[in-house]
Structures are given as C-alpha cells and as structure tokens.
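**Student:** As input, take work.tsv (TSV, C-alpha atoms):
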chain	number	residue	atom	x	y	z
A	1	MET	CA	40.08	-14.04	-29.13
A	2	PRO	CA	40.64	-17.46	-30.74
A	3	ILE	CA	37.55	-19.17	-32.12
A	4	LYS	CA	36.62	-22.32	-30.21
A	5	LEU	CA	34.71	-24.81	-32.33
A	6	PRO	CA	32.23	-27.23	-30.72
A	7	ARG	CA	33.41	-30.83	-30.33
A	8	ARG	CA	30.73	-32.09	-32.74
A	9	THR	CA	31.85	-29.65	-35.42
A	10	ILE	CA	35.46	-30.74	-35.06
A	11	THR	CA	34.38	-34.38	-35.31
A	12	PHE	CA	32.37	-33.74	-38.49
A	13	LEU	CA	35.30	-31.85	-40.04
A	14	PHE	CA	37.69	-34.66	-39.19
A	15	VAL	CA	35.37	-37.34	-40.59
A	16	GLY	CA	34.82	-35.26	-43.73
A	17	ILE	CA	38.56	-34.91	-44.33
A	18	VAL	CA	39.07	-38.65	-43.83
A	19	ILE	CA	36.27	-39.49	-46.29
A	20	LEU	CA	37.69	-37.04	-48.85
A	21	CYS	CA	41.14	-38.62	-48.55
A	22	LEU	CA	39.65	-42.09	-48.94
A	23	ILE	CA	37.91	-41.01	-52.14
A	24	LEU	CA	40.95	-39.25	-53.64
A	25	PHE	CA	43.46	-41.95	-52.75
A	26	PHE	CA	41.22	-45.03	-52.83
A	27	ARG	CA	43.43	-47.19	-55.04
A	28	GLN	CA	46.62	-46.29	-53.19
A	29	ILE	CA	44.98	-46.98	-49.82
A	30	GLN	CA	43.54	-50.27	-51.08
A	31	ALA	CA	46.95	-51.40	-52.32
A	32	PHE	CA	48.58	-50.37	-49.04
A	33	LEU	CA	46.03	-52.28	-46.94
A	34	LEU	CA	46.40	-55.42	-49.05
A	35	GLU	CA	50.17	-55.23	-48.71
A	36	LEU	CA	49.84	-54.70	-44.97
A	37	ILE	CA	47.49	-57.65	-44.48
A	38	THR	CA	49.84	-59.85	-46.51
A	39	ALA	CA	52.74	-58.74	-44.32
A	40	PHE	CA	50.96	-60.04	-41.21
A	41	GLN	CA	50.79	-63.62	-42.50
A	42	SER	CA	53.85	-64.75	-40.52
A	43	ILE	CA	56.79	-63.58	-38.45
A	44	GLU	CA	59.08	-63.71	-41.48
A	45	THR	CA	56.77	-61.65	-43.70
A	46	ILE	CA	56.26	-58.90	-41.10
A	47	ARG	CA	60.00	-58.85	-40.37
A	48	GLU	CA	60.79	-58.43	-44.08
A	49	TYR	CA	58.09	-55.76	-44.42
A	50	ILE	CA	59.51	-53.64	-41.59
A	51	ALA	CA	63.13	-54.24	-42.62
A	52	GLY	CA	62.31	-53.08	-46.15
A	53	TYR	CA	62.07	-49.48	-44.93
A	54	GLY	CA	65.75	-49.37	-43.97
A	55	LEU	CA	66.60	-46.50	-41.64
A	56	PHE	CA	62.89	-45.77	-41.20
A	57	ALA	CA	62.15	-49.31	-40.00
A	58	PRO	CA	61.77	-48.32	-36.30
A	59	ILE	CA	59.29	-45.58	-37.24
A	60	ILE	CA	57.30	-47.97	-39.44
A	61	SER	CA	57.26	-50.53	-36.64
A	62	ALA	CA	55.92	-47.95	-34.17
A	63	VAL	CA	53.28	-46.77	-36.65
A	64	LEU	CA	52.15	-50.38	-37.23
A	65	MET	CA	51.87	-51.01	-33.49
A	66	ILE	CA	49.79	-47.86	-32.98
A	67	PHE	CA	47.73	-48.62	-36.10
A	68	GLN	CA	46.81	-52.11	-34.90
A	69	SER	CA	45.96	-50.77	-31.45
A	70	VAL	CA	43.61	-48.06	-32.71
A	71	ILE	CA	42.02	-49.44	-35.87
A	72	ALA	CA	43.04	-52.84	-37.19
A	73	PRO	CA	42.55	-56.19	-35.41
A	74	LEU	CA	46.06	-57.34	-36.35
A	75	PRO	CA	48.29	-59.55	-34.15
A	76	ALA	CA	50.58	-57.21	-32.22
A	77	PHE	CA	52.82	-60.05	-31.00
A	78	LEU	CA	54.11	-60.51	-34.58
A	79	ILE	CA	55.40	-56.94	-34.55
A	80	THR	CA	57.03	-57.49	-31.15
A	81	ILE	CA	58.77	-60.67	-32.30
A	82	ALA	CA	59.89	-58.94	-35.51
A	83	ASN	CA	61.30	-56.05	-33.48
A	84	GLY	CA	63.34	-58.49	-31.42
A	85	ALA	CA	64.74	-60.06	-34.59
A	86	LEU	CA	65.53	-56.73	-36.26
A	87	PHE	CA	66.67	-54.46	-33.45
A	88	GLY	CA	67.93	-56.83	-30.76
A	89	PHE	CA	66.44	-57.59	-27.38
A	90	TRP	CA	66.75	-54.27	-25.53
A	91	TRP	CA	66.00	-51.88	-28.38
A	92	GLY	CA	63.31	-54.17	-29.77
A	93	MET	CA	61.62	-54.45	-26.38
A	94	LEU	CA	61.77	-50.69	-25.80
A	95	LEU	CA	60.34	-49.97	-29.24
A	96	SER	CA	57.47	-52.45	-28.86
A	97	TRP	CA	56.66	-51.41	-25.30
A	98	SER	CA	56.70	-47.65	-25.94
A	99	SER	CA	54.71	-47.80	-29.20
A	100	ALA	CA	52.09	-50.05	-27.57
A	101	MET	CA	51.86	-47.53	-24.73
A	102	LEU	CA	51.23	-44.75	-27.25
A	103	GLY	CA	48.55	-46.83	-28.95
A	104	ALA	CA	46.82	-47.53	-25.63
A	105	ALA	CA	46.89	-43.84	-24.67
A	106	LEU	CA	45.44	-42.86	-28.04
A	107	CYS	CA	42.58	-45.38	-27.67
A	108	PHE	CA	41.87	-44.08	-24.17
A	109	TYR	CA	41.61	-40.45	-25.25
A	110	ILE	CA	39.70	-41.25	-28.44
A	111	THR	CA	36.99	-42.71	-26.22
A	112	ARG	CA	37.04	-39.70	-23.89
A	113	PHE	CA	36.66	-37.45	-26.92
A	114	LEU	CA	34.15	-39.33	-29.11
A	115	GLY	CA	32.22	-41.41	-26.56
A	116	ALA	CA	30.74	-44.90	-26.32
A	117	LYS	CA	29.05	-45.06	-29.74
A	118	TYR	CA	32.40	-44.80	-31.52
A	119	VAL	CA	33.89	-47.54	-29.34
A	120	VAL	CA	31.04	-49.95	-30.12
A	121	ARG	CA	31.44	-49.34	-33.86
A	122	ILE	CA	35.19	-49.90	-33.83
A	123	VAL	CA	35.60	-52.70	-31.30
A	124	GLY	CA	32.19	-54.35	-31.47
A	125	GLU	CA	29.52	-54.60	-28.79
A	126	PRO	CA	30.50	-58.11	-27.53
A	127	ALA	CA	34.12	-57.06	-26.94
A	128	VAL	CA	33.00	-53.85	-25.24
A	129	ASN	CA	30.62	-55.73	-22.93
A	130	LYS	CA	33.28	-58.30	-22.09
A	131	ALA	CA	35.90	-55.67	-21.30
A	132	ASP	CA	33.40	-53.57	-19.34
A	133	GLN	CA	32.37	-56.55	-17.22
A	134	PHE	CA	36.00	-57.42	-16.59
A	135	ILE	CA	36.76	-53.88	-15.39
A	136	GLN	CA	33.72	-53.91	-13.10
A	137	ASN	CA	34.70	-57.27	-11.60
A	138	TYR	CA	38.30	-56.40	-10.77
A	139	GLY	CA	38.07	-52.67	-10.12
A	140	ASN	CA	41.42	-50.96	-9.62
A	141	TYR	CA	43.30	-54.13	-10.58
A	142	SER	CA	41.37	-54.67	-13.81
A	143	ILE	CA	43.74	-52.92	-16.24
A	144	LEU	CA	46.81	-54.62	-14.80
A	145	ILE	CA	45.20	-58.08	-14.85
A	146	ALA	CA	43.79	-57.56	-18.35
A	147	ARG	CA	47.23	-56.68	-19.70
A	148	LEU	CA	48.68	-59.85	-18.17
A	149	ILE	CA	46.09	-62.19	-19.70
A	150	PRO	CA	46.98	-63.02	-23.35
A	151	TYR	CA	43.43	-63.60	-24.61
A	152	VAL	CA	41.94	-60.28	-23.40
A	153	PRO	CA	41.83	-57.84	-26.39
A	154	PHE	CA	44.38	-55.06	-25.83
A	155	ASP	CA	42.56	-52.37	-27.79
A	156	ALA	CA	39.13	-53.20	-26.33
A	157	VAL	CA	40.42	-52.71	-22.79
A	158	SER	CA	42.04	-49.40	-23.76
A	159	TYR	CA	38.85	-48.12	-25.36
A	160	VAL	CA	36.52	-49.27	-22.57
A	161	ALA	CA	38.82	-47.83	-19.90
A	162	GLY	CA	38.13	-44.42	-21.41
A	163	LEU	CA	34.44	-44.88	-20.61
A	164	THR	CA	35.12	-45.46	-16.91
A	165	PRO	CA	36.11	-43.02	-14.13
A	166	ILE	CA	39.63	-44.49	-14.17
A	167	ARG	CA	42.22	-41.71	-14.21
A	168	PHE	CA	44.66	-41.74	-17.12
A	169	ILE	CA	47.76	-41.93	-14.93
A	170	GLY	CA	46.48	-45.10	-13.25
A	171	PHE	CA	45.55	-46.59	-16.62
A	172	TRP	CA	48.95	-45.63	-18.03
A	173	ILE	CA	50.98	-47.16	-15.19
A	174	ALA	CA	48.92	-50.39	-15.10
A	175	THR	CA	49.25	-50.74	-18.88
A	176	GLY	CA	52.99	-50.23	-18.76
A	177	ILE	CA	53.53	-52.81	-16.02
A	178	GLY	CA	50.99	-55.31	-17.30
A	179	GLN	CA	52.20	-55.52	-20.87
A	180	LEU	CA	55.89	-55.79	-19.92
A	181	PRO	CA	56.05	-59.61	-19.31
A	182	ALA	CA	54.54	-60.48	-22.71
A	183	THR	CA	56.72	-57.87	-24.42
A	184	ILE	CA	59.84	-59.38	-22.85
A	185	VAL	CA	58.89	-62.94	-23.84
A	186	TYR	CA	57.98	-62.12	-27.45
A	187	THR	CA	61.02	-59.88	-27.94
A	188	TYR	CA	63.26	-62.64	-26.60
A	189	LEU	CA	61.69	-65.08	-29.07
A	190	GLY	CA	62.32	-62.71	-31.95
A	191	ASN	CA	65.88	-62.09	-30.83
A	192	ARG	CA	66.71	-65.80	-30.52
A	193	ILE	CA	64.60	-67.36	-33.26
A	194	SER	CA	64.47	-65.98	-36.78
A	195	THR	CA	61.83	-68.04	-38.58
A	196	HIS	CA	60.42	-70.68	-36.19
A	197	ILE	CA	58.64	-70.12	-32.86
A	198	ASN	CA	59.70	-72.31	-29.99
A	199	LEU	CA	56.38	-73.51	-28.55
A	200	MET	CA	57.98	-74.39	-25.23
A	201	LEU	CA	59.07	-70.80	-24.69
A	202	LEU	CA	55.63	-69.53	-25.67
A	203	GLY	CA	54.07	-71.91	-23.18
A	204	PHE	CA	56.53	-70.81	-20.53
A	205	GLY	CA	55.61	-67.15	-21.07
A	206	PHE	CA	51.93	-68.01	-20.95
A	207	VAL	CA	52.37	-69.90	-17.66
A	208	ILE	CA	54.21	-66.92	-16.14
A	209	SER	CA	51.41	-64.53	-17.14
A	210	VAL	CA	48.68	-66.81	-15.80
A	211	SER	CA	50.59	-67.37	-12.56
A	212	ILE	CA	50.87	-63.61	-12.01
A	213	VAL	CA	47.15	-63.17	-12.65
A	214	ILE	CA	46.24	-65.95	-10.18
A	215	TRP	CA	48.49	-64.40	-7.56
A	216	LEU	CA	46.90	-60.97	-8.03
A	217	VAL	CA	43.36	-62.39	-7.83
A	218	LYS	CA	44.19	-64.30	-4.64
A	219	ALA	CA	45.83	-61.22	-3.13
A	220	ARG	CA	42.73	-59.15	-3.93
A	221	LYS	CA	40.40	-61.72	-2.37
A	222	SER	CA	42.55	-61.87	0.76
A	223	SER	CA	42.50	-58.09	1.11
A	224	ASP	CA	38.71	-58.05	0.65
A	225	GLU	CA	38.22	-60.70	3.35
A	226	GLN	CA	40.32	-58.83	5.91
Rewrite the structure of this file - the entire thing - as structure tokens.

**Tutor:**
Amino acid sequence: MPIKLPRRTITFLFVGIVILCLILFFRQIQAFLLELITAFQSIETIREYIAGYGLFAPIISAVLMIFQSVIAPLPAFLITIANGALFGFWWGMLLSWSSAMLGAALCFYITRFLGAKYVVRIVGEPAVNKADQFIQNYGNYSILIARLIPYVPFDAVSYVAGLTPIRFIGFWIATGIGQLPATIVYTYLGNRISTHINLMLLGFGFVISVSIVIWLVKARKSSDEQ
C-alpha cells in the first residue's frame, strides 16, 4: 500500500525544500528578482523582457502571469498589454486570459490546501477582509463583479474565494467571464500601441467595466425585490 503523508508533513517538507533552495541559490534568486522588478517599470521594459526569451517568450509570459497572481503584487495589465504587442490580438488575448485563469485556480486551491493563515500572510489582512466582505455582500455574483471592477485585487479575491463554500466550477466560470473585458481592452491597447498608452481607450474600457457592474447590481436588487 502507498504511504499517505499527513497534510502538515507535506507542508513542512515543501517549506523546507523552498528554504533550502533559497539558501543555496540566494544570489541567483536575488539577481532574478531585481531584474524582474526592473522589467515591470513600463510597458516597453516588460515587452523587451518577454521578447528576450525568443521562442520561449509565450511560456515566460504565462509564468510571469501566474507568478504575479500567486506571489508578487505586480501589475498584470502590463503583461497583457505586452502580450498584445508581441503576439497579436487573438493569440495575446488567449495567452493572457488562460494564464490568468491558471493563476486564479492555483490561488484558489492553495487556500483550500493551506488555509486562512497562509492567505493572511501572503495577501495581508486588510485585503482579505475587504475581499471577504465583498463576497458576503454580493453572494453568487461576487466573483463575477469583482473580476469586472479594476481596483479589486485579483489575487486577493482568488485566495479568499478558497475560504468560502463557493464551488470551484462556479469560481472558474465567473473568473473566466469577468476578466474577459479587461483582457480584451488591454490586449487591444498592446496590439495597437507600442510604447504609449492611449488614455481615452483606457477610460473607455473602464467605463464599460463599471457599466456592466452597475447593471449586474441593479439586476440583483430587482431579483431580490421580486
């Protein structure tokens, strides 16, 4: 019979391996993180960073999107715009959308596996409380609405959703639909504009997102009153 290790033991082993790797490769990891932070200074720098990997650029882009979703508070929209500039509208949108979906799913299951204490340490208690209150207020529509609102932290919602009774399939579908408008807008910007962001288009995308949210809130209130 295969040996089944307790969850806590697996967690300790994983953390121990991570710490050992950090000690052995400290300088390399430090240099990589500094290079990565520098790459996120602007659209042009992140585009050049991803493009520098040649044929592996799509893989690097996906890894960066997942990395920022799970660990680093880095601006995901820069990656989406860069994907539009590098890979065109359709492929860039598909790459950004699918890698963000993978990042969200990973956050969701990390929470289910490690629990609330890990989420608070990674995301921060204020962000967790804000996301938790948002989910309580809007119930089944919360994930969809949160994805449509630009200022709601993507990773915080994904982590907190794992603490709720929300089923993964519902979370997955709402995430996919909710993040699509912003992904389309930012990919279009990257595809059409190489170094300068058109503020009018950004404002237009923001207005569309807010309008959808207002419509959903009004629809929910109407259904509650009936």

**Student:** List the spatial neighbours of stretch 164-170 of chain A as a list in words - criterion: any atom at most 10 Å away, all atoms listed in the file, same-chain residues fewer than 5 positions off excluded.

**Tutor:**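 Selected residues are Ala105, Phe108, Tyr109, Thr111, Arg112, Asp132, Ile135, Gln136, Gly139, Asn140, Tyr141, Ile143, Leu144, Tyr159, Thr175 and Gly176 of chain A.
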
**Student:** From the options A:Gly103, A:Ile43, A:Ala131, A:Gly54, which residue's atoms come nearest to A:Thr80, counting only C-alpha atoms?

**Tutor:**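 For A:Thr80, the nearest of the candidates is A:Ile43.
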
**Student:** Using only C-alpha atoms, determine which residues lie at most 12 Å from A:Leu94, disregarding the query and same-chain residues fewer than 2 positions distant; provide the list as a PyMOL selection string.

**Tutor:** chain A and resi 58+61-62+80+83-84+87-92+96-101+176+179-180+183-184+187

**Student:** Compile the contact shell of A:Ser69 as a PyMOL selection string: residues with an atom at most 9 Å away, counting all atoms listed in the file, same-chain residues fewer than 3 positions apart removed.

**Tutor:** chain A and resi 64-66+72-74+76+100+103-104+106-107+154-156+158

**Student:** Would you be able to write out as an mmCIF file with C-alpha atoms, in the frame of the given file which residues have an atom within 12 Å of (58.5, -58.3, -44.2) in the file's coordinates, counting all atoms listed in the file?

**Tutor:**
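Result written to part14.cif:
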data_model
loop_
_atom_site.group_PDB
_atom_site.id
_atom_site.type_symbol
_atom_site.label_atom_id
_atom_site.label_comp_id
_atom_site.auth_asym_id
_atom_site.auth_seq_id
_atom_site.Cartn_x
_atom_site.Cartn_y
_atom_site.Cartn_z
ATOM 1 C CA GLU A 35 50.170 -55.230 -48.710
ATOM 2 C CA LEU A 36 49.840 -54.700 -44.970
ATOM 3 C CA ILE A 37 47.490 -57.650 -44.480
ATOM 4 C CA THR A 38 49.840 -59.850 -46.510
ATOM 5 C CA ALA A 39 52.740 -58.740 -44.320
ATOM 6 C CA PHE A 40 50.960 -60.040 -41.210
ATOM 7 C CA GLN A 41 50.790 -63.620 -42.500
ATOM 8 C CA SER A 42 53.850 -64.750 -40.520
ATOM 9 C CA ILE A 43 56.790 -63.580 -38.450
ATOM 10 C CA GLU A 44 59.080 -63.710 -41.480
ATOM 11 C CA THR A 45 56.770 -61.650 -43.700
ATOM 12 C CA ILE A 46 56.260 -58.900 -41.100
ATOM 13 C CA ARG A 47 60.000 -58.850 -40.370
ATOM 14 C CA GLU A 48 60.790 -58.430 -44.080
ATOM 15 C CA TYR A 49 58.090 -55.760 -44.420
ATOM 16 C CA ILE A 50 59.510 -53.640 -41.590
ATOM 17 C CA ALA A 51 63.130 -54.240 -42.620
ATOM 18 C CA GLY A 52 62.310 -53.080 -46.150
ATOM 19 C CA TYR A 53 62.070 -49.480 -44.930
ATOM 20 C CA GLY A 54 65.750 -49.370 -43.970
ATOM 21 C CA ALA A 57 62.150 -49.310 -40.000
ATOM 22 C CA ILE A 60 57.300 -47.970 -39.440
ATOM 23 C CA SER A 61 57.260 -50.530 -36.640
ATOM 24 C CA LEU A 78 54.110 -60.510 -34.580
ATOM 25 C CA ILE A 79 55.400 -56.940 -34.550
ATOM 26 C CA ALA A 82 59.890 -58.940 -35.510
ATOM 27 C CA ASN A 83 61.300 -56.050 -33.480
ATOM 28 C CA ALA A 85 64.740 -60.060 -34.590
ATOM 29 C CA LEU A 86 65.530 -56.730 -36.260
ATOM 30 C CA THR A 195 61.830 -68.040 -38.580
#

**Student:** Atom CA of A:Ala146 to atom CA of A:Gly178: how many Å, to one decimal?

**Tutor:**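 Going from atom CA of A:Ala146 over to atom CA of A:Gly178, I get 7.6 Å.
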
**Student:** Mind pulling up the distance from atom CA of A:Pro181 to atom CA of A:Ile110?

**Tutor:**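 Calculated distance between atom CA of A:Ile110 and atom CA of A:Pro181 is 26.2 Å.
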
**Student:** To one decimal place, how far is atom CA of A:Tyr188 from atom CA of A:Phe77 in Å?

**Tutor:**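 One can read the atom CA of A:Tyr188 to atom CA of A:Phe77 distance as 11.6 Å.
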
**Student:** My list of candidates is A:Ile17, A:Leu189, A:Val157, A:Ile173. Which is closest to A:Val123 when distances are computed with all atoms listed in the file?

**Tutor:**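 Nearest candidate to A:Val123 out of A:Ile17, A:Leu189, A:Val157, A:Ile173: A:Val157.
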
**Student:** Could you check which of A:Leu55, A:Val160, A:Leu102, A:Val119 is closest to A:Trp172, using all atoms listed in the file?

**Tutor:**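 Result for the nearest residue to A:Trp172: A:Leu102.
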